[in-house]
$ cat upload18.cif   # mmCIF, C-alpha atoms
data_my_file
#
loop_
_atom_site.group_PDB
_atom_site.id
_atom_site.type_symbol
_atom_site.label_atom_id
_atom_site.label_comp_id
_atom_site.auth_asym_id
_atom_site.auth_seq_id
_atom_site.Cartn_x
_atom_site.Cartn_y
_atom_site.Cartn_z
ATOM 1 C CA MET A 1 18.423 18.112 27.888
ATOM 2 C CA SER A 2 18.455 16.935 24.280
ATOM 3 C CA ARG A 3 15.145 17.103 22.451
ATOM 4 C CA LYS A 4 13.559 14.006 20.953
ATOM 5 C CA GLN A 5 11.074 14.838 18.241
ATOM 6 C CA PHE A 6 8.541 12.451 16.708
ATOM 7 C CA GLY A 7 5.791 13.061 14.213
ATOM 8 C CA LEU A 8 3.221 11.918 11.682
ATOM 9 C CA VAL A 9 3.504 12.397 7.931
ATOM 10 C CA GLY A 10 0.257 12.407 5.970
ATOM 11 C CA ARG A 11 -2.308 14.531 4.149
ATOM 12 C CA ASN A 12 -5.229 16.226 5.911
ATOM 13 C CA ILE A 13 -4.302 14.703 9.278
ATOM 14 C CA SER A 14 -5.635 17.243 11.768
ATOM 15 C CA TYR A 15 -8.000 14.496 13.028
ATOM 16 C CA SER A 16 -5.089 12.166 13.737
ATOM 17 C CA PHE A 17 -5.031 9.793 16.677
ATOM 18 C CA SER A 18 -1.229 9.653 16.884
ATOM 19 C CA LYS A 19 -0.464 13.181 18.070
ATOM 20 C CA ASN A 20 -2.875 13.026 21.020
ATOM 21 C CA TYR A 21 -1.826 9.474 21.879
ATOM 22 C CA PHE A 22 1.895 10.156 22.044
ATOM 23 C CA THR A 23 1.546 13.617 23.620
ATOM 24 C CA GLU A 24 -0.507 12.085 26.455
ATOM 25 C CA ARG A 25 2.001 9.276 26.784
ATOM 26 C CA PHE A 26 4.909 11.721 27.092
ATOM 27 C CA GLN A 27 3.021 13.702 29.760
ATOM 28 C CA LYS A 28 2.260 10.575 31.805
ATOM 29 C CA GLU A 29 5.889 9.481 31.654
ATOM 30 C CA GLU A 30 7.105 13.045 32.322
ATOM 31 C CA ALA A 31 9.220 12.859 29.183
ATOM 32 C CA GLN A 32 9.521 16.611 28.693
ATOM 33 C CA GLU A 33 12.256 16.139 26.104
ATOM 34 C CA CYS A 34 9.823 14.318 23.762
ATOM 35 C CA THR A 35 7.417 16.067 21.396
ATOM 36 C CA TYR A 36 5.090 14.847 18.654
ATOM 37 C CA GLU A 37 3.976 16.917 15.667
ATOM 38 C CA ASN A 38 1.803 16.510 12.600
ATOM 39 C CA PHE A 39 3.574 17.077 9.289
ATOM 40 C CA ASP A 40 0.657 17.669 6.938
ATOM 41 C CA ILE A 41 1.945 17.726 3.367
ATOM 42 C CA GLN A 42 0.085 17.833 0.065
ATOM 43 C CA ASN A 43 2.768 15.951 -1.862
ATOM 44 C CA ILE A 44 5.406 13.398 -0.887
ATOM 45 C CA ASP A 45 8.045 15.560 -2.620
ATOM 46 C CA GLU A 46 7.845 17.806 0.464
ATOM 47 C CA PHE A 47 9.108 14.958 2.661
ATOM 48 C CA PRO A 48 12.864 15.801 2.440
ATOM 49 C CA GLU A 49 12.116 19.294 3.777
ATOM 50 C CA ILE A 50 10.622 17.772 6.936
ATOM 51 C CA ILE A 51 13.866 15.873 7.587
ATOM 52 C CA LYS A 52 16.030 18.871 6.705
ATOM 53 C CA ASN A 53 14.119 21.365 8.891
ATOM 54 C CA ASN A 54 13.743 19.147 11.968
ATOM 55 C CA PRO A 55 17.205 18.012 13.117
ATOM 56 C CA ASP A 56 15.825 16.587 16.393
ATOM 57 C CA LEU A 57 13.579 14.071 14.620
ATOM 58 C CA ILE A 58 14.224 10.461 15.605
ATOM 59 C CA GLY A 59 10.960 8.797 14.624
ATOM 60 C CA LEU A 60 8.030 9.235 12.246
ATOM 61 C CA ASN A 61 4.722 7.563 11.602
ATOM 62 C CA VAL A 62 3.393 7.566 8.036
ATOM 63 C CA THR A 63 -0.272 7.501 7.082
ATOM 64 C CA ILE A 64 -2.530 7.801 4.017
ATOM 65 C CA PRO A 65 -1.622 8.398 1.229
ATOM 66 C CA TYR A 66 2.158 8.046 1.647
ATOM 67 C CA LYS A 67 2.798 4.520 2.983
ATOM 68 C CA GLU A 68 4.047 3.276 -0.374
ATOM 69 C CA VAL A 69 5.376 6.402 -2.111
ATOM 70 C CA VAL A 70 7.637 7.306 0.836
ATOM 71 C CA ILE A 71 9.836 4.251 0.200
ATOM 72 C CA PRO A 72 12.160 5.826 -2.428
ATOM 73 C CA PHE A 73 13.088 8.530 0.112
ATOM 74 C CA LEU A 74 14.374 5.987 2.652
ATOM 75 C CA ASP A 75 17.853 4.505 3.086
ATOM 76 C CA GLU A 76 16.823 1.085 4.373
ATOM 77 C CA LEU A 77 13.758 -1.117 4.812
ATOM 78 C CA SER A 78 13.154 -3.808 7.398
ATOM 79 C CA GLU A 79 12.599 -7.260 5.983
ATOM 80 C CA ARG A 80 8.860 -7.112 6.661
ATOM 81 C CA ALA A 81 8.444 -3.621 5.168
ATOM 82 C CA SER A 82 10.380 -4.777 2.126
ATOM 83 C CA LYS A 83 8.004 -7.720 1.677
ATOM 84 C CA MET A 84 4.922 -5.553 2.158
ATOM 85 C CA ARG A 85 6.201 -2.588 0.130
ATOM 86 C CA ALA A 86 4.463 -0.383 2.694
ATOM 87 C CA VAL A 87 5.938 1.733 5.502
ATOM 88 C CA ASN A 88 4.141 3.345 8.427
ATOM 89 C CA VAL A 89 7.135 3.734 10.785
ATOM 90 C CA ILE A 90 10.446 5.463 10.088
ATOM 91 C CA LYS A 91 13.376 5.366 12.486
ATOM 92 C CA ILE A 92 16.029 8.061 12.058
ATOM 93 C CA THR A 93 19.431 6.903 13.276
ATOM 94 C CA LYS A 94 22.126 9.010 14.933
ATOM 95 C CA GLU A 95 23.939 8.889 11.603
ATOM 96 C CA GLY A 96 20.888 10.375 9.884
ATOM 97 C CA LEU A 97 19.808 7.205 8.060
ATOM 98 C CA LEU A 98 16.084 6.739 7.443
ATOM 99 C CA LYS A 99 14.962 3.171 8.174
ATOM 100 C CA GLY A 100 11.473 2.173 7.053
ATOM 101 C CA ASP A 101 9.429 -0.374 8.980
ATOM 102 C CA ASN A 102 5.817 -1.428 9.443
ATOM 103 C CA SER A 103 3.788 -1.795 12.648
ATOM 104 C CA ASP A 104 0.340 -1.809 10.989
ATOM 105 C CA TYR A 105 0.506 -5.555 10.373
ATOM 106 C CA TYR A 106 1.244 -6.152 14.078
ATOM 107 C CA GLY A 107 -1.625 -3.921 15.221
ATOM 108 C CA PHE A 108 -4.082 -5.572 12.859
ATOM 109 C CA LYS A 109 -2.984 -9.101 13.730
ATOM 110 C CA LYS A 110 -3.204 -8.487 17.492
ATOM 111 C CA SER A 111 -6.631 -6.886 17.106
ATOM 112 C CA LEU A 112 -8.110 -9.595 14.854
ATOM 113 C CA GLU A 113 -6.743 -12.675 16.630
ATOM 114 C CA PRO A 114 -9.193 -12.736 19.587
ATOM 115 C CA LEU A 115 -12.157 -12.780 17.168
ATOM 116 C CA LEU A 116 -11.017 -15.772 15.138
ATOM 117 C CA GLN A 117 -12.854 -19.091 15.266
ATOM 118 C CA SER A 118 -12.069 -22.339 13.478
ATOM 119 C CA HIS A 119 -14.322 -21.550 10.485
ATOM 120 C CA HIS A 120 -12.618 -18.218 9.752
ATOM 121 C CA LYS A 121 -10.309 -19.480 7.004
ATOM 122 C CA ASN A 122 -10.572 -16.933 4.165
ATOM 123 C CA ALA A 123 -10.650 -13.128 4.021
ATOM 124 C CA LEU A 124 -11.673 -10.444 1.552
ATOM 125 C CA ILE A 125 -9.516 -7.312 1.674
ATOM 126 C CA LEU A 126 -11.418 -4.284 0.377
ATOM 127 C CA GLY A 127 -8.879 -1.922 -1.205
ATOM 128 C CA THR A 128 -5.327 -2.291 -2.473
ATOM 129 C CA GLY A 129 -3.481 0.648 -0.855
ATOM 130 C CA GLY A 130 -0.625 0.617 1.642
ATOM 131 C CA ALA A 131 -2.743 -0.499 4.586
ATOM 132 C CA SER A 132 -4.021 -3.504 2.631
ATOM 133 C CA LYS A 133 -0.452 -4.797 2.250
ATOM 134 C CA ALA A 134 0.030 -4.867 6.027
ATOM 135 C CA VAL A 135 -3.323 -6.640 6.462
ATOM 136 C CA ALA A 136 -2.308 -9.262 3.894
ATOM 137 C CA PHE A 137 1.031 -9.801 5.649
ATOM 138 C CA ALA A 138 -0.740 -10.352 8.985
ATOM 139 C CA LEU A 139 -3.247 -12.764 7.419
ATOM 140 C CA GLU A 140 -0.374 -14.786 5.971
ATOM 141 C CA GLU A 141 1.158 -15.045 9.447
ATOM 142 C CA LEU A 142 -2.209 -16.230 10.769
ATOM 143 C CA GLY A 143 -2.545 -18.842 8.018
ATOM 144 C CA ILE A 144 -5.631 -17.169 6.519
ATOM 145 C CA GLU A 145 -6.072 -17.147 2.729
ATOM 146 C CA TYR A 146 -7.163 -13.826 1.224
ATOM 147 C CA SER A 147 -8.230 -12.052 -1.954
ATOM 148 C CA TYR A 148 -8.164 -8.343 -2.715
ATOM 149 C CA VAL A 149 -11.258 -6.492 -3.900
ATOM 150 C CA SER A 150 -10.642 -3.543 -6.194
ATOM 151 C CA ARG A 151 -12.461 -1.235 -8.588
ATOM 152 C CA LYS A 152 -9.936 -2.411 -11.187
ATOM 153 C CA THR A 153 -9.928 -6.108 -12.023
ATOM 154 C CA SER A 154 -6.520 -7.782 -12.030
ATOM 155 C CA GLU A 155 -5.102 -11.270 -11.611
ATOM 156 C CA ASN A 156 -4.599 -10.502 -7.886
ATOM 157 C CA SER A 157 -8.060 -9.086 -7.185
ATOM 158 C CA ILE A 158 -11.759 -9.369 -7.895
ATOM 159 C CA HIS A 159 -14.075 -6.485 -8.781
ATOM 160 C CA TYR A 160 -16.701 -5.206 -6.350
ATOM 161 C CA ASN A 161 -19.482 -6.180 -8.754
ATOM 162 C CA GLN A 162 -18.289 -9.809 -8.725
ATOM 163 C CA ILE A 163 -19.114 -10.255 -5.027
ATOM 164 C CA ASP A 164 -22.206 -12.431 -4.528
ATOM 165 C CA ALA A 165 -23.719 -14.957 -2.093
ATOM 166 C CA LYS A 166 -21.100 -17.584 -2.983
ATOM 167 C CA THR A 167 -18.331 -15.078 -2.226
ATOM 168 C CA PHE A 168 -19.719 -14.643 1.275
ATOM 169 C CA ASP A 169 -19.923 -18.426 1.674
ATOM 170 C CA ASP A 170 -16.272 -18.720 0.688
ATOM 171 C CA PHE A 171 -14.936 -15.720 2.642
ATOM 172 C CA GLN A 172 -15.837 -15.431 6.310
ATOM 173 C CA ILE A 173 -13.809 -12.281 7.070
ATOM 174 C CA VAL A 174 -14.314 -8.950 5.267
ATOM 175 C CA ILE A 175 -11.784 -6.183 5.970
ATOM 176 C CA ASN A 176 -12.239 -2.577 4.857
ATOM 177 C CA THR A 177 -8.850 -0.961 4.233
ATOM 178 C CA THR A 178 -10.299 1.879 2.114
ATOM 179 C CA PRO A 179 -10.937 5.368 3.574
ATOM 180 C CA LEU A 180 -14.660 5.122 2.676
ATOM 181 C CA GLY A 181 -16.700 6.155 5.712
ATOM 182 C CA THR A 182 -13.998 8.132 7.483
ATOM 183 C CA SER A 183 -15.204 11.300 9.227
ATOM 184 C CA PRO A 184 -16.444 13.730 7.935
ATOM 185 C CA ASN A 185 -17.685 11.542 5.037
ATOM 186 C CA THR A 186 -19.511 9.179 7.366
ATOM 187 C CA HIS A 187 -22.305 8.474 4.854
ATOM 188 C CA GLU A 188 -19.912 6.592 2.543
ATOM 189 C CA PHE A 189 -19.333 2.832 2.523
ATOM 190 C CA PRO A 190 -17.858 0.167 0.237
ATOM 191 C CA GLU A 191 -20.379 -1.083 -2.331
ATOM 192 C CA ILE A 192 -20.795 -4.730 -1.382
ATOM 193 C CA PRO A 193 -23.988 -6.818 -0.886
ATOM 194 C CA TYR A 194 -24.359 -6.470 2.892
ATOM 195 C CA PRO A 195 -27.415 -8.796 3.262
ATOM 196 C CA TYR A 196 -25.073 -11.763 2.725
ATOM 197 C CA PHE A 197 -23.309 -11.116 6.041
ATOM 198 C CA THR A 198 -24.207 -13.650 8.748
ATOM 199 C CA SER A 199 -23.282 -14.401 12.363
ATOM 200 C CA LYS A 200 -20.417 -16.519 11.000
ATOM 201 C CA HIS A 201 -18.746 -13.457 9.455
ATOM 202 C CA ILE A 202 -16.298 -10.915 10.841
ATOM 203 C CA ALA A 203 -16.469 -7.360 9.477
ATOM 204 C CA PHE A 204 -13.300 -5.440 10.351
ATOM 205 C CA ASP A 205 -12.851 -1.754 9.510
ATOM 206 C CA LEU A 206 -9.446 -0.093 9.831
ATOM 207 C CA ILE A 207 -11.279 3.236 10.313
ATOM 208 C CA TYR A 208 -11.622 4.418 13.922
ATOM 209 C CA ASN A 209 -13.396 7.765 13.413
ATOM 210 C CA PRO A 210 -16.360 7.312 13.551
ATOM 211 C CA SER A 211 -16.261 4.336 15.916
ATOM 212 C CA GLU A 212 -19.038 2.642 13.917
ATOM 213 C CA THR A 213 -18.870 3.219 10.169
ATOM 214 C CA GLN A 214 -21.729 2.482 7.789
ATOM 215 C CA PHE A 215 -19.765 -0.616 6.727
ATOM 216 C CA LEU A 216 -19.758 -1.930 10.305
ATOM 217 C CA LYS A 217 -23.332 -0.878 11.000
ATOM 218 C CA LYS A 218 -24.703 -2.643 7.928
ATOM 219 C CA ALA A 219 -22.700 -5.812 8.650
ATOM 220 C CA LYS A 220 -23.792 -5.802 12.304
ATOM 221 C CA GLU A 221 -27.464 -5.525 11.308
ATOM 222 C CA CYS A 222 -27.028 -8.870 9.532
ATOM 223 C CA GLY A 223 -25.465 -10.495 12.593
ATOM 224 C CA ALA A 224 -21.760 -10.172 11.803
ATOM 225 C CA ILE A 225 -19.089 -9.748 14.479
ATOM 226 C CA THR A 226 -17.703 -6.229 14.001
ATOM 227 C CA LYS A 227 -14.485 -4.481 14.975
ATOM 228 C CA ASN A 228 -13.172 -0.987 14.259
ATOM 229 C CA GLY A 229 -9.573 0.162 13.969
ATOM 230 C CA MET A 230 -9.013 1.697 17.408
ATOM 231 C CA ASP A 231 -7.336 -1.285 19.076
ATOM 232 C CA MET A 232 -5.237 -1.796 15.961
ATOM 233 C CA LEU A 233 -4.072 1.830 16.205
ATOM 234 C CA VAL A 234 -3.043 1.480 19.834
ATOM 235 C CA PHE A 235 -1.183 -1.772 19.178
ATOM 236 C CA GLN A 236 0.618 -0.363 16.135
ATOM 237 C CA ALA A 237 1.555 2.805 18.050
ATOM 238 C CA GLU A 238 3.114 0.746 20.848
ATOM 239 C CA LYS A 239 4.995 -1.304 18.272
ATOM 240 C CA ALA A 240 6.217 1.904 16.602
ATOM 241 C CA TRP A 241 7.530 3.132 19.961
ATOM 242 C CA GLU A 242 9.366 -0.165 20.353
ATOM 243 C CA ILE A 243 10.918 0.184 16.874
ATOM 244 C CA TRP A 244 12.070 3.760 17.538
ATOM 245 C CA ASN A 245 13.728 2.697 20.784
ATOM 246 C CA GLU A 246 15.442 -0.485 19.597
#

$ encode --input "upload18.cif" --output "structure tokens"
Amino acid sequence: MSRKQFGLVGRNISYSFSKNYFTERFQKEEAQECTYENFDIQNIDEFPEIIKNNPDLIGLNVTIPYKEVVIPFLDELSERASKMRAVNVIKITKEGLLKGDNSDYYGFKKSLEPLLQSHHKNALILGTGGASKAVAFALEELGIEYSYVSRKTSENSIHYNQIDAKTFDDFQIVINTTPLGTSPNTHEFPEIPYPYFTSKHIAFDLIYNPSETQFLKKAKECGAITKNGMDMLVFQAEKAWEIWNE
């Protein structure tokens, strides 16, 4: 029986959802030939060693902080990953080619869609890392305008200290794509004026551990609809499985 190895590439990923999710899936389906491992590396330059030392690898997930910097190590990108310039799924072909793709956008889109109402027309994306690119791609597919929020002002983003009551009038969806608030640093949260949240707002956090971050808690206290990243993770994992098996 030939082995089929999958895994997750990231930094400090012992908490990861993916390993437990796929291991349980393989057990349920009695797929003894399939395994899933965490490849915890401190620098992306270690990535080629993972490929070299694991000849049975056929699929990888990629998480923070490597979704963008992994791209130069790949042979091909899907059209969507090329547009996003962010990869969270890698398929390894029988010929040994590394094909980068993205399932984050799909997971986010499928998770956000049921919450949307007619007045949800504009979104603020907190953060500008790899995950934010997938969120932006999904928003474009949904026909929702967006602006990035960053600690560095640029022509494509606004600064955190520029957010005020008018911003919250103009943007009805606020999405946290930063790691602020992730366990064990559960006391952290993005510095935005939370009292301006209302029942007409959606606060979406890509973080799933803890299930309610300070960002979500503060938004909920002001009446906002809140959603964490767990459903998104499940949807993106299923999409990754689909990509690996195409």

$ atom_distance --input "upload18.cif" --atom1 "CA of Lys99 (chain A)" --atom2 "CA of Tyr208 (chain A)"
27.2 Å

$ resolve_selection --input "upload18.cif" --expression "the PyMOL selection byres ((chain A and resi 171) around 7)" --output "list in words"
Asn122, Ala123, Leu124, Thr167, Phe168, Asp169, Asp170, Gln172 and Ile173 of chain A

$ residues_around --input "upload18.cif" --residues "Pro48 (chain A)" --least-positions-apart "5" --cutoff "12 Å" --atoms "all atoms listed in the file" --output "PDB file with C-alpha atoms, keeping the file's coordinate frame"
ATOM      1  CA  VAL A   9       3.504  12.397   7.931  1.00  0.00           C
ATOM      2  CA  PHE A  39       3.574  17.077   9.289  1.00  0.00           C
ATOM      3  CA  ILE A  41       1.945  17.726   3.367  1.00  0.00           C
ATOM      4  CA  ASN A  43       2.768  15.951  -1.862  1.00  0.00           C
ATOM      5  CA  ASN A  53      14.119  21.365   8.891  1.00  0.00           C
ATOM      6  CA  ASN A  54      13.743  19.147  11.968  1.00  0.00           C
ATOM      7  CA  PRO A  55      17.205  18.012  13.117  1.00  0.00           C
ATOM      8  CA  VAL A  70       7.637   7.306   0.836  1.00  0.00           C
ATOM      9  CA  PRO A  72      12.160   5.826  -2.428  1.00  0.00           C
ATOM     10  CA  PHE A  73      13.088   8.530   0.112  1.00  0.00           C
ATOM     11  CA  LEU A  74      14.374   5.987   2.652  1.00  0.00           C
ATOM     12  CA  LEU A  98      16.084   6.739   7.443  1.00  0.00           C
TER      13      LEU A  98
END

$ closest_residue --input "upload18.cif" --among "A:Leu57, A:Ser2, A:Asn102, A:Lys94" --to "Leu77 (chain A)" --atoms "all atoms listed in the file"
A:Asn102

$ resolve_selection --input "upload18.cif" --expression "the PyMOL selection byres ((chain A and resi 214) around 7)" --output "list of chain:residue names"
A:Gly181, A:His187, A:Glu188, A:Phe189, A:Glu212, A:Thr213, A:Phe215, A:Leu216, A:Lys217, A:Lys218

$ atom_distance --input "upload18.cif" --atom1 "CA of Gly107 (chain A)" --atom2 "CA of Ala86 (chain A)"
14.4 Å

$ residues_around --input "upload18.cif" --residues "Gly223 (chain A)" --least-positions-apart "6" --cutoff "12 Å" --atoms "all atoms listed in the file" --output "number ranges by chain"
A: 194-203, 216-217

$ residues_around --input "upload18.cif" --residues "Asn228 (chain A)" --least-positions-apart "4" --cutoff "6 Å" --atoms "only C-alpha atoms" --output "VMD selection string"
chain A and resid 204 to 206 208

$ closest_residue --input "upload18.cif" --among "A:Val149, A:Ala219, A:Leu180, A:Ile90" --to "Lys239 (chain A)" --atoms "all atoms listed in the file"
A:Ile90

$ residues_near_point --input "upload18.cif" --point "(14.5, -4.9, 7.4)" --cutoff "10 Å" --atoms "only C-alpha atoms" --output "PDB file with C-alpha atoms, in the coordinates of the input"
ATOM      1  CA  GLU A  76      16.823   1.085   4.373  1.00  0.00           C
ATOM      2  CA  LEU A  77      13.758  -1.117   4.812  1.00  0.00           C
ATOM      3  CA  SER A  78      13.154  -3.808   7.398  1.00  0.00           C
ATOM      4  CA  GLU A  79      12.599  -7.260   5.983  1.00  0.00           C
ATOM      5  CA  ARG A  80       8.860  -7.112   6.661  1.00  0.00           C
ATOM      6  CA  ALA A  81       8.444  -3.621   5.168  1.00  0.00           C
ATOM      7  CA  SER A  82      10.380  -4.777   2.126  1.00  0.00           C
ATOM      8  CA  LYS A  83       8.004  -7.720   1.677  1.00  0.00           C
ATOM      9  CA  LYS A  99      14.962   3.171   8.174  1.00  0.00           C
ATOM     10  CA  GLY A 100      11.473   2.173   7.053  1.00  0.00           C
ATOM     11  CA  ASP A 101       9.429  -0.374   8.980  1.00  0.00           C
ATOM     12  CA  ASN A 102       5.817  -1.428   9.443  1.00  0.00           C
TER      13      ASN A 102
END

$ resolve_selection --input "upload18.cif" --expression "the PyMOL selection byres ((chain A and resi 105) around 7)" --output "CSV table (one decimal) with C-alpha atoms, in the coordinates of the input"
chain,number,residue,atom,x,y,z
A,102,ASN,CA,5.8,-1.4,9.4
A,103,SER,CA,3.8,-1.8,12.6
A,104,ASP,CA,0.3,-1.8,11.0
A,106,TYR,CA,1.2,-6.2,14.1
A,107,GLY,CA,-1.6,-3.9,15.2
A,108,PHE,CA,-4.1,-5.6,12.9
A,109,LYS,CA,-3.0,-9.1,13.7
A,134,ALA,CA,0.0,-4.9,6.0
A,135,VAL,CA,-3.3,-6.6,6.5
A,137,PHE,CA,1.0,-9.8,5.6
A,138,ALA,CA,-0.7,-10.4,9.0

$ atom_distance --input "upload18.cif" --atom1 "CA of Glu246 (chain A)" --atom2 "CA of Leu8 (chain A)"
19.1 Å

$ axis_aligned_box --input "upload18.cif" --around "region 64-72 of chain A" --padding-each-side "4 Å" --output "AutoDock Vina command-line options"
--center_x 4.8 --center_y 5.8 --center_z 0.8 --size_x 22.7 --size_y 13.1 --size_z 14.4

$ closest_residue --input "upload18.cif" --among "A:Lys91, A:Leu142, A:Ala237, A:Arg25" --to "Pro114 (chain A)" --atoms "all atoms listed in the file"
A:Leu142

$ closest_residue --input "upload18.cif" --among "A:Asn12, A:Gln5, A:Leu233, A:Lys110" --to "Phe26 (chain A)" --atoms "all atoms listed in the file"
A:Gln5

$ closest_residue --input "upload18.cif" --among "A:Ala240, A:Ile71, A:Ile225, A:Met84" --to "Glu140 (chain A)" --atoms "only C-alpha atoms"
A:Met84

$ closest_residue --input "upload18.cif" --among "A:Ile243, A:Asp40, A:Ser147, A:Glu30" --to "Ser14 (chain A)" --atoms "only C-alpha atoms"
A:Asp40

$ build_atoms --input "upload18.cif" --residues "region 110-117 of chain A" --atoms "all heavy atoms" --output "PDB file, in the coordinates of the input"
ATOM      1  N   LYS A 110      -2.901  -8.400  16.057  1.00  0.00           N
ATOM      2  CA  LYS A 110      -3.204  -8.487  17.492  1.00  0.00           C
ATOM      3  C   LYS A 110      -4.668  -8.153  17.767  1.00  0.00           C
ATOM      4  O   LYS A 110      -5.278  -8.676  18.704  1.00  0.00           O
ATOM      5  CB  LYS A 110      -2.274  -7.542  18.265  1.00  0.00           C
ATOM      6  CG  LYS A 110      -2.115  -7.882  19.734  1.00  0.00           C
ATOM      7  CD  LYS A 110      -0.916  -7.176  20.312  1.00  0.00           C
ATOM      8  CE  LYS A 110      -0.877  -7.187  21.817  1.00  0.00           C
ATOM      9  NZ  LYS A 110      -0.832  -8.510  22.418  1.00  0.00           N
ATOM     10  N   SER A 111      -5.238  -7.283  16.930  1.00  0.00           N
ATOM     11  CA  SER A 111      -6.631  -6.886  17.106  1.00  0.00           C
ATOM     12  C   SER A 111      -7.599  -7.941  16.567  1.00  0.00           C
ATOM     13  O   SER A 111      -8.667  -8.162  17.141  1.00  0.00           O
ATOM     14  CB  SER A 111      -6.865  -5.552  16.387  1.00  0.00           C
ATOM     15  OG  SER A 111      -8.132  -5.046  16.663  1.00  0.00           O
ATOM     16  N   LEU A 112      -7.223  -8.597  15.464  1.00  0.00           N
ATOM     17  CA  LEU A 112      -8.110  -9.595  14.854  1.00  0.00           C
ATOM     18  C   LEU A 112      -8.093 -10.929  15.585  1.00  0.00           C
ATOM     19  O   LEU A 112      -9.133 -11.596  15.717  1.00  0.00           O
ATOM     20  CB  LEU A 112      -7.692  -9.819  13.386  1.00  0.00           C
ATOM     21  CG  LEU A 112      -8.467 -10.891  12.617  1.00  0.00           C
ATOM     22  CD1 LEU A 112      -9.924 -10.458  12.398  1.00  0.00           C
ATOM     23  CD2 LEU A 112      -7.798 -11.196  11.276  1.00  0.00           C
ATOM     24  N   GLU A 113      -6.931 -11.325  16.078  1.00  0.00           N
ATOM     25  CA  GLU A 113      -6.743 -12.675  16.630  1.00  0.00           C
ATOM     26  C   GLU A 113      -7.817 -13.128  17.625  1.00  0.00           C
ATOM     27  O   GLU A 113      -8.311 -14.250  17.537  1.00  0.00           O
ATOM     28  CB  GLU A 113      -5.351 -12.793  17.262  1.00  0.00           C
ATOM     29  CG  GLU A 113      -4.404 -13.615  16.430  1.00  0.00           C
ATOM     30  CD  GLU A 113      -3.017 -13.715  17.032  1.00  0.00           C
ATOM     31  OE1 GLU A 113      -2.477 -12.712  17.513  1.00  0.00           O
ATOM     32  OE2 GLU A 113      -2.473 -14.833  17.009  1.00  0.00           O
ATOM     33  N   PRO A 114      -8.202 -12.275  18.595  1.00  0.00           N
ATOM     34  CA  PRO A 114      -9.193 -12.736  19.587  1.00  0.00           C
ATOM     35  C   PRO A 114     -10.563 -13.056  18.990  1.00  0.00           C
ATOM     36  O   PRO A 114     -11.367 -13.746  19.621  1.00  0.00           O
ATOM     37  CB  PRO A 114      -9.296 -11.556  20.566  1.00  0.00           C
ATOM     38  CG  PRO A 114      -8.064 -10.755  20.346  1.00  0.00           C
ATOM     39  CD  PRO A 114      -7.720 -10.922  18.913  1.00  0.00           C
ATOM     40  N   LEU A 115     -10.844 -12.566  17.795  1.00  0.00           N
ATOM     41  CA  LEU A 115     -12.157 -12.780  17.168  1.00  0.00           C
ATOM     42  C   LEU A 115     -12.225 -14.079  16.370  1.00  0.00           C
ATOM     43  O   LEU A 115     -13.308 -14.552  16.037  1.00  0.00           O
ATOM     44  CB  LEU A 115     -12.492 -11.620  16.215  1.00  0.00           C
ATOM     45  CG  LEU A 115     -12.409 -10.195  16.772  1.00  0.00           C
ATOM     46  CD1 LEU A 115     -12.759  -9.193  15.683  1.00  0.00           C
ATOM     47  CD2 LEU A 115     -13.333 -10.027  17.967  1.00  0.00           C
ATOM     48  N   LEU A 116     -11.073 -14.647  16.066  1.00  0.00           N
ATOM     49  CA  LEU A 116     -11.017 -15.772  15.138  1.00  0.00           C
ATOM     50  C   LEU A 116     -11.563 -17.064  15.735  1.00  0.00           C
ATOM     51  O   LEU A 116     -11.268 -17.405  16.880  1.00  0.00           O
ATOM     52  CB  LEU A 116      -9.585 -15.996  14.664  1.00  0.00           C
ATOM     53  CG  LEU A 116      -8.977 -14.869  13.824  1.00  0.00           C
ATOM     54  CD1 LEU A 116      -7.521 -15.166  13.526  1.00  0.00           C
ATOM     55  CD2 LEU A 116      -9.767 -14.674  12.525  1.00  0.00           C
ATOM     56  N   GLN A 117     -12.363 -17.762  14.920  1.00  0.00           N
ATOM     57  CA  GLN A 117     -12.854 -19.091  15.266  1.00  0.00           C
ATOM     58  C   GLN A 117     -12.401 -20.058  14.168  1.00  0.00           C
ATOM     59  O   GLN A 117     -11.878 -19.639  13.137  1.00  0.00           O
ATOM     60  CB  GLN A 117     -14.380 -19.065  15.389  1.00  0.00           C
ATOM     61  CG  GLN A 117     -14.869 -18.125  16.495  1.00  0.00           C
ATOM     62  CD  GLN A 117     -16.383 -18.000  16.512  1.00  0.00           C
ATOM     63  OE1 GLN A 117     -17.088 -19.011  16.458  1.00  0.00           O
ATOM     64  NE2 GLN A 117     -16.885 -16.767  16.572  1.00  0.00           N
TER      65      GLN A 117
END
